[in-house]
Amino acid sequence: MSRRGEMAARVANEIGAPIVAVAAALVVGAILVALLGRDPLAVYGRLAQAIFGSSYGFGQVLFKATTLIGTGLAVAVAFRAGLFNIGAEGQMYLGGLAGASFALLLSPELPGVVAAPLVLLASAVAGALWAAIPALLRAWLGVHEVINTIMLNFVAFALAGWILVEHLALFETVHTAEIPVSARLARLEQFLPALRGAPLNLTLFLQLLLCVACYLALWRTRWGYEVRATGNSEAAARSAGIPVRRRIVQAMALSGALAGVAAANFVQGYKYYFEEGFTSAAGFKGIAVALLARNHPAGIVPAALFFGALDRGGFVINALVPKELVDILQALVILFVIALARTAQQRLLRRRMARGVEA
Amino acid sequence: MEVTALLVASTLRIAVPYVFAAVGGFYSERSGVVNIALEGMLLTGGFACVLAAWGAESAGVNGTAAAWLGVVAAAAAGTALGALHALLCVRYGADQIISGLGINLLAAGGTKFLLTLAFGSSANSSRIAGIPTWEIPWLSDWSVTRVLFCTPLVLLAGAVVVVSHLVSRRTPFGLRLHAVGEHPEAAHSLGIRVARLRWKGVMLSGALAALGGAWLALEQHQFTAGMSSGRGFIALAALIFGKWTPRGAALACLLFGFAEAVQIQLQGSRIGVPSQFLQMLPYVVTMIALAGVIGRSRPPAALGRALEP
């Protein structure tokens, strides 16, 4: 087998395994629905119609996918450095709070081209700082980041809750005042009337740009090479003279910044305020997105679209089966992805060995 | 004096689910399988317990017997989730942390899904009777002894710690478990069936963690969505803090339980600290404990490493 053949096999693996995982999850979901005595085709039909049936519906899917691109990218970047960022949820939450409160401090006279990016920056900084805590603990004390990022999610919810209730919330609500117009990101329905009603906004393009930027940073720069080397093997990276601790903290801070910016879709593009619980678990769903995307920026967009579609679908199937069916599907996708990953790897390995000395 | 007694009693009650989950985690992690899924196992245990107890009550079984049936159902459900984790991690060599996260998501979504189907609400279940404390002269009169000696599941938790301690040190199963978690290849060459032992460890851990969930549900006399609220992760931290031993983990659970008991007392006493900061306390204490113990707590050498085919 030729080298090109092997390359093709690898690409087929990278793309094929996630597709098989999604298909398998949908089949198990269908069996579950059938066991409840409901018609799986009706449920999936309703799902498909909600997603593709109208430009409004598809706009909603794109809107939900926009947030998931952000959190998925955040988790994937950390993954490439060998870090599990389970804390994207909390980083996004604080990013949204920082963005909204910063926007409320800005002079409304500031032009939009200045104000909106500044608010994005505030969200990014808050997310980065929050992510830096577990990264520093990992790099300097060797505490594994999984438990710390999870703990920091709970701390972030409580901290933001306190700031909101004591200082920012409007009377008898759980959200802040609306941010000035200059800090908002324009809705796409202004340019595409077909999207009327869907809160899709400029953040979509921002997130797509960030995907490209992350790809370039990780695969086309020396810094990115060092981050990925650290992720592959810390010990090897260290002996190659890579400042492993610094790369760990930097990669995690970037991951946190991306999670923080993911809040913009809601805060700057949709409701124009910070609201309790606005993330609706997007930070956790980012883990599923990154996993399905095989932690590659190019895979993040289709994976986010898939999970965004599931998110949207939950609302409409609720009449037939509890909407949590989509959460189950999401979990099944994760489990199938990882179950298949290793088998696929072994198949590849066998091929390579069959090729033998020729290599 | 009375305040101290209440604090001790409250510490013990709060520590129960932590103890079950952390000792459960011991069996899985000692065999070399990371178990982030403790969280989902707690949650599933709570739900299975309420569902079975409620079903039995509806069928006319008396409340206490139904609750005990619920405890058994919880253990069974936890074992099933443990088997799923083992299937992915041991059989398919999947990433153990991601498998755990996936199982947690499955548990969170699945319990809500079934909650809606069974009880018509995605927030909470109907009420169940629960297991009453035993009335024993003298012992049931004082809050501390009442919790410690008259509450069946507390006694069970204590027994689990003692038995696990002995199993870990004195039985072939315990020693093999250590061997498999430290050096699976060496254990294999000595004729120990590594994969089978890991399956046992992970399934046992599921059953025990689910008992913790059953306790939570029985305490509240109902299931509420997401009621595990991070306890599985804190239990995992307690296991690390306790240097991966049942005794150490149980002591760490008591420490974390104490922090939470203090928080609850302070919350009631209105001392001027915002309640949100008190809510952070258990999580912050967990982080500090982890940072403080690192270097002195050595994980099983093969923890997280999949078996070579």
# chains A, B, ... in the order shown; residues from 1 in each chain; ligands from 1

call {"tool": "select_by_dssp", "arguments": {"residues": "region 34-127 of chain A", "states": "helix (DSSP H, G or I)", "output": "number ranges by chain"}}
result
A: 34-35, 40-52, 55-80, 88-105, 112-127

call {"tool": "residues_around", "arguments": {"residues": "region 236-253 of chain A", "least_positions_apart": "5", "cutoff": "6 Å", "atoms": "only C-alpha atoms", "output": "PyMOL selection string"}}
result
chain A and resi 78+128+131-132+135+139+227+229-230

call {"tool": "write_last_selection", "arguments": {"atoms": "N, CA, C and O atoms", "output": "mmCIF file, in the first residue's frame"}}
result
data_model
loop_
_atom_site.group_PDB
_atom_site.id
_atom_site.type_symbol
_atom_site.label_atom_id
_atom_site.label_comp_id
_atom_site.auth_asym_id
_atom_site.auth_seq_id
_atom_site.Cartn_x
_atom_site.Cartn_y
_atom_site.Cartn_z
ATOM 1 N N ALA A 78 -7.198 23.634 24.048
ATOM 2 C CA ALA A 78 -6.617 23.095 25.276
ATOM 3 C C ALA A 78 -6.209 21.635 25.071
ATOM 4 O O ALA A 78 -5.138 21.207 25.505
ATOM 5 N N ALA A 128 -9.734 34.235 29.997
ATOM 6 C CA ALA A 128 -8.330 33.818 30.050
ATOM 7 C C ALA A 128 -7.828 33.772 31.487
ATOM 8 O O ALA A 128 -7.142 32.832 31.886
ATOM 9 N N ALA A 131 -9.214 30.794 33.302
ATOM 10 C CA ALA A 131 -8.588 29.543 32.866
ATOM 11 C C ALA A 131 -7.142 29.452 33.329
ATOM 12 O O ALA A 131 -6.591 28.361 33.458
ATOM 13 N N ALA A 132 -6.545 30.613 33.583
ATOM 14 C CA ALA A 132 -5.134 30.600 33.990
ATOM 15 C C ALA A 132 -4.960 29.959 35.368
ATOM 16 O O ALA A 132 -3.910 29.386 35.661
ATOM 17 N N ALA A 135 -4.496 26.306 35.089
ATOM 18 C CA ALA A 135 -3.288 26.087 34.302
ATOM 19 C C ALA A 135 -2.048 26.293 35.152
ATOM 20 O O ALA A 135 -1.091 25.518 35.086
ATOM 21 N N ALA A 139 0.708 23.597 35.924
ATOM 22 C CA ALA A 139 2.083 23.750 35.457
ATOM 23 C C ALA A 139 3.082 23.800 36.606
ATOM 24 O O ALA A 139 4.168 23.251 36.503
ATOM 25 N N VAL A 227 3.238 24.036 21.366
ATOM 26 C CA VAL A 227 2.048 23.688 22.147
ATOM 27 C C VAL A 227 1.636 22.244 21.842
ATOM 28 O O VAL A 227 1.367 21.441 22.749
ATOM 29 N N ALA A 229 3.466 19.867 20.609
ATOM 30 C CA ALA A 229 4.494 18.944 21.102
ATOM 31 C C ALA A 229 4.287 18.691 22.596
ATOM 32 O O ALA A 229 4.380 17.556 23.075
ATOM 33 N N THR A 230 3.960 19.752 23.330
ATOM 34 C CA THR A 230 3.685 19.614 24.758
ATOM 35 C C THR A 230 2.503 18.676 24.981
ATOM 36 O O THR A 230 2.507 17.842 25.885
#

call {"tool": "closest_residue", "arguments": {"among": "A:Ala21, A:Ala290, A:Leu209, A:Val267", "to": "Ala186 (chain A)", "atoms": "only C-alpha atoms"}}
result
A:Val267

call {"tool": "residues_around", "arguments": {"residues": "Val333 (chain A)", "least_positions_apart": "3", "cutoff": "9 Å", "atoms": "only C-alpha atoms", "output": "list in words"}}
result
Pro18, Ala21, Val22, Ala23, Ala24, Ala25, Leu26, Ala288, Leu292, Ile328, Leu329, Gln330, Phe336, Val337 and Ile338 of chain A; Gly102 of chain B

call {"tool": "write_last_selection", "arguments": {"atoms": "C-alpha atoms", "output": "PDB file, in the first residue's frame"}}
result
ATOM      1  CA  PRO A  18     -17.284  10.689  13.580  1.00  0.00           C
ATOM      2  CA  ALA A  21     -20.525   7.619  15.594  1.00  0.00           C
ATOM      3  CA  VAL A  22     -23.304  10.054  14.760  1.00  0.00           C
ATOM      4  CA  ALA A  23     -25.173   7.408  12.777  1.00  0.00           C
ATOM      5  CA  ALA A  24     -24.819   4.871  15.582  1.00  0.00           C
ATOM      6  CA  ALA A  25     -26.080   7.392  18.150  1.00  0.00           C
ATOM      7  CA  LEU A  26     -29.098   8.178  15.989  1.00  0.00           C
ATOM      8  CA  ALA A 288     -18.650  17.104  22.694  1.00  0.00           C
ATOM      9  CA  LEU A 292     -16.511  14.981  17.356  1.00  0.00           C
ATOM     10  CA  ILE A 328     -28.925  11.505  25.369  1.00  0.00           C
ATOM     11  CA  LEU A 329     -28.044  11.596  21.668  1.00  0.00           C
ATOM     12  CA  GLN A 330     -25.216  13.967  22.436  1.00  0.00           C
ATOM     13  CA  PHE A 336     -19.381   6.121  20.198  1.00  0.00           C
ATOM     14  CA  VAL A 337     -16.624   8.487  19.082  1.00  0.00           C
ATOM     15  CA  ILE A 338     -14.237   7.298  21.746  1.00  0.00           C
TER      16      ILE A 338
ATOM     17  CA  GLY B 102     -19.760  11.076  28.337  1.00  0.00           C
TER      18      GLY B 102
END

call {"tool": "interface_residues", "arguments": {"of": "chain A", "to": "chain B", "cutoff": "10 Å", "atoms": "only C-alpha atoms", "output": "ChimeraX atom specification"}}
result
/A:36,84,86,134,137-138,141-144,146-163,165-166,284-285,287-288,291,321-343,346

call {"tool": "residues_around", "arguments": {"residues": "Arg30 (chain B)", "least_positions_apart": "2", "cutoff": "7 Å", "atoms": "only C-alpha atoms", "output": "list in words"}}
result
Phe26, Tyr27, Ser28, Gly32, Leu177, His178, Gly181 and Pro300 of chain B

call {"tool": "write_last_selection", "arguments": {"atoms": "all heavy atoms", "output": "mmCIF file, in the first residue's frame"}}
result
data_model
loop_
_atom_site.group_PDB
_atom_site.id
_atom_site.type_symbol
_atom_site.label_atom_id
_atom_site.label_comp_id
_atom_site.auth_asym_id
_atom_site.auth_seq_id
_atom_site.Cartn_x
_atom_site.Cartn_y
_atom_site.Cartn_z
ATOM 1 N N PHE B 26 -12.218 4.424 44.800
ATOM 2 C CA PHE B 26 -11.012 3.672 45.180
ATOM 3 C C PHE B 26 -10.879 2.389 44.353
ATOM 4 O O PHE B 26 -9.813 2.096 43.811
ATOM 5 C CB PHE B 26 -11.067 3.353 46.686
ATOM 6 C CG PHE B 26 -10.209 2.199 47.096
ATOM 7 C CD1 PHE B 26 -8.841 2.371 47.291
ATOM 8 C CD2 PHE B 26 -10.757 0.935 47.273
ATOM 9 C CE1 PHE B 26 -8.048 1.301 47.648
ATOM 10 C CE2 PHE B 26 -9.968 -0.136 47.633
ATOM 11 C CZ PHE B 26 -8.609 0.043 47.818
ATOM 12 N N TYR B 27 -11.980 1.633 44.247
ATOM 13 C CA TYR B 27 -11.892 0.341 43.550
ATOM 14 C C TYR B 27 -11.558 0.518 42.069
ATOM 15 O O TYR B 27 -10.816 -0.265 41.489
ATOM 16 C CB TYR B 27 -13.205 -0.438 43.696
ATOM 17 C CG TYR B 27 -13.371 -1.022 45.077
ATOM 18 C CD1 TYR B 27 -14.199 -0.420 46.009
ATOM 19 C CD2 TYR B 27 -12.671 -2.163 45.447
ATOM 20 C CE1 TYR B 27 -14.341 -0.941 47.278
ATOM 21 C CE2 TYR B 27 -12.811 -2.697 46.712
ATOM 22 C CZ TYR B 27 -13.640 -2.084 47.631
ATOM 23 O OH TYR B 27 -13.773 -2.609 48.889
ATOM 24 N N SER B 28 -12.136 1.568 41.475
ATOM 25 C CA SER B 28 -11.884 1.793 40.062
ATOM 26 C C SER B 28 -10.460 2.297 39.830
ATOM 27 O O SER B 28 -9.713 1.767 39.007
ATOM 28 C CB SER B 28 -12.906 2.798 39.529
ATOM 29 O OG SER B 28 -12.580 3.186 38.245
ATOM 30 N N GLY B 32 -6.636 1.031 38.100
ATOM 31 C CA GLY B 32 -6.014 1.736 36.983
ATOM 32 C C GLY B 32 -6.981 2.457 36.069
ATOM 33 O O GLY B 32 -6.585 2.927 35.006
ATOM 34 N N LEU B 177 -5.725 -6.008 42.927
ATOM 35 C CA LEU B 177 -6.197 -4.721 42.447
ATOM 36 C C LEU B 177 -5.042 -3.716 42.430
ATOM 37 O O LEU B 177 -4.819 -2.998 41.444
ATOM 38 C CB LEU B 177 -7.317 -4.226 43.369
ATOM 39 C CG LEU B 177 -8.405 -3.336 42.786
ATOM 40 C CD1 LEU B 177 -9.155 -4.058 41.687
ATOM 41 C CD2 LEU B 177 -9.365 -2.913 43.885
ATOM 42 N N HIS B 178 -4.294 -3.678 43.517
ATOM 43 C CA HIS B 178 -3.125 -2.797 43.588
ATOM 44 C C HIS B 178 -2.146 -3.128 42.473
ATOM 45 O O HIS B 178 -1.632 -2.235 41.795
ATOM 46 C CB HIS B 178 -2.409 -2.976 44.935
ATOM 47 C CG HIS B 178 -3.039 -2.214 46.048
ATOM 48 N ND1 HIS B 178 -2.507 -1.063 46.541
ATOM 49 C CD2 HIS B 178 -4.169 -2.432 46.753
ATOM 50 C CE1 HIS B 178 -3.279 -0.592 47.511
ATOM 51 N NE2 HIS B 178 -4.290 -1.418 47.662
ATOM 52 N N GLY B 181 -3.232 -1.962 39.073
ATOM 53 C CA GLY B 181 -3.179 -0.515 38.916
ATOM 54 C C GLY B 181 -1.760 0.016 38.858
ATOM 55 O O GLY B 181 -1.507 1.075 38.297
ATOM 56 N N PRO B 300 -1.912 5.574 41.526
ATOM 57 C CA PRO B 300 -1.496 4.272 41.001
ATOM 58 C C PRO B 300 -0.751 4.497 39.687
ATOM 59 O O PRO B 300 -1.176 5.307 38.867
ATOM 60 C CB PRO B 300 -2.811 3.541 40.771
ATOM 61 C CG PRO B 300 -3.772 4.185 41.705
ATOM 62 C CD PRO B 300 -3.352 5.618 41.821
#

call {"tool": "atom_distance", "arguments": {"atom1": "CA of Pro193 (chain A)", "atom2": "CA of Lys64 (chain A)"}}
result
18.9 Å

call {"tool": "residues_around", "arguments": {"residues": "Pro132 (chain B)", "least_positions_apart": "2", "cutoff": "9 Å", "atoms": "only C-alpha atoms", "output": "list in words"}}
result
Thr64, Ala129, Gly130, Trp134, Glu135, Thr151 and Pro152 of chain B

call {"tool": "write_last_selection", "arguments": {"atoms": "N, CA, C and O atoms", "output": "PDB file, in the first residue's frame"}}
result
ATOM      1  N   THR B  64     -40.956   1.758  53.890  1.00  0.00           N
ATOM      2  CA  THR B  64     -39.576   1.412  54.222  1.00  0.00           C
ATOM      3  C   THR B  64     -39.059   0.293  53.321  1.00  0.00           C
ATOM      4  O   THR B  64     -37.939   0.381  52.789  1.00  0.00           O
ATOM      5  N   ALA B 129     -41.329   7.603  50.762  1.00  0.00           N
ATOM      6  CA  ALA B 129     -41.300   7.588  52.228  1.00  0.00           C
ATOM      7  C   ALA B 129     -39.881   7.670  52.798  1.00  0.00           C
ATOM      8  O   ALA B 129     -39.612   8.407  53.738  1.00  0.00           O
ATOM      9  N   GLY B 130     -38.963   6.915  52.216  1.00  0.00           N
ATOM     10  CA  GLY B 130     -37.597   6.919  52.750  1.00  0.00           C
ATOM     11  C   GLY B 130     -37.423   5.873  53.841  1.00  0.00           C
ATOM     12  O   GLY B 130     -38.343   5.096  54.144  1.00  0.00           O
ATOM     13  N   TRP B 134     -33.713   4.229  63.159  1.00  0.00           N
ATOM     14  CA  TRP B 134     -34.152   3.257  64.166  1.00  0.00           C
ATOM     15  C   TRP B 134     -34.326   3.945  65.510  1.00  0.00           C
ATOM     16  O   TRP B 134     -33.565   4.852  65.845  1.00  0.00           O
ATOM     17  N   GLU B 135     -35.316   3.515  66.253  1.00  0.00           N
ATOM     18  CA  GLU B 135     -35.484   4.042  67.611  1.00  0.00           C
ATOM     19  C   GLU B 135     -34.813   3.075  68.575  1.00  0.00           C
ATOM     20  O   GLU B 135     -35.292   1.967  68.790  1.00  0.00           O
ATOM     21  N   THR B 151     -28.985   5.288  61.954  1.00  0.00           N
ATOM     22  CA  THR B 151     -29.334   5.544  60.563  1.00  0.00           C
ATOM     23  C   THR B 151     -28.727   4.445  59.695  1.00  0.00           C
ATOM     24  O   THR B 151     -27.508   4.353  59.570  1.00  0.00           O
ATOM     25  N   PRO B 152     -29.589   3.584  59.139  1.00  0.00           N
ATOM     26  CA  PRO B 152     -29.078   2.386  58.468  1.00  0.00           C
ATOM     27  C   PRO B 152     -28.006   2.661  57.406  1.00  0.00           C
ATOM     28  O   PRO B 152     -26.970   2.000  57.389  1.00  0.00           O
TER      29      PRO B 152
END

call {"tool": "closest_residue", "arguments": {"among": "B:Ser168, B:Ala209, B:Met227, B:Trp215", "to": "Gly25 (chain B)", "atoms": "only C-alpha atoms"}}
result
B:Ala209

call {"tool": "residues_around", "arguments": {"residues": "region 65-80 of chain B", "least_positions_apart": "4", "cutoff": "6 Å", "atoms": "only C-alpha atoms", "output": "number ranges by chain"}}
result
B: 41, 45, 48-49, 52-53, 56-57, 61, 130, 203, 206-207, 210-211, 214

call {"tool": "atom_distance", "arguments": {"atom1": "CA of Lys200 (chain B)", "atom2": "CA of Ala306 (chain B)"}}
result
15.7 Å

call {"tool": "residues_around", "arguments": {"residues": "Ala238 (chain B)", "least_positions_apart": "4", "cutoff": "8 Å", "atoms": "only C-alpha atoms", "output": "PyMOL selection string"}}
result
chain B and resi 18+22+234+242+249-250+252-253+256+286
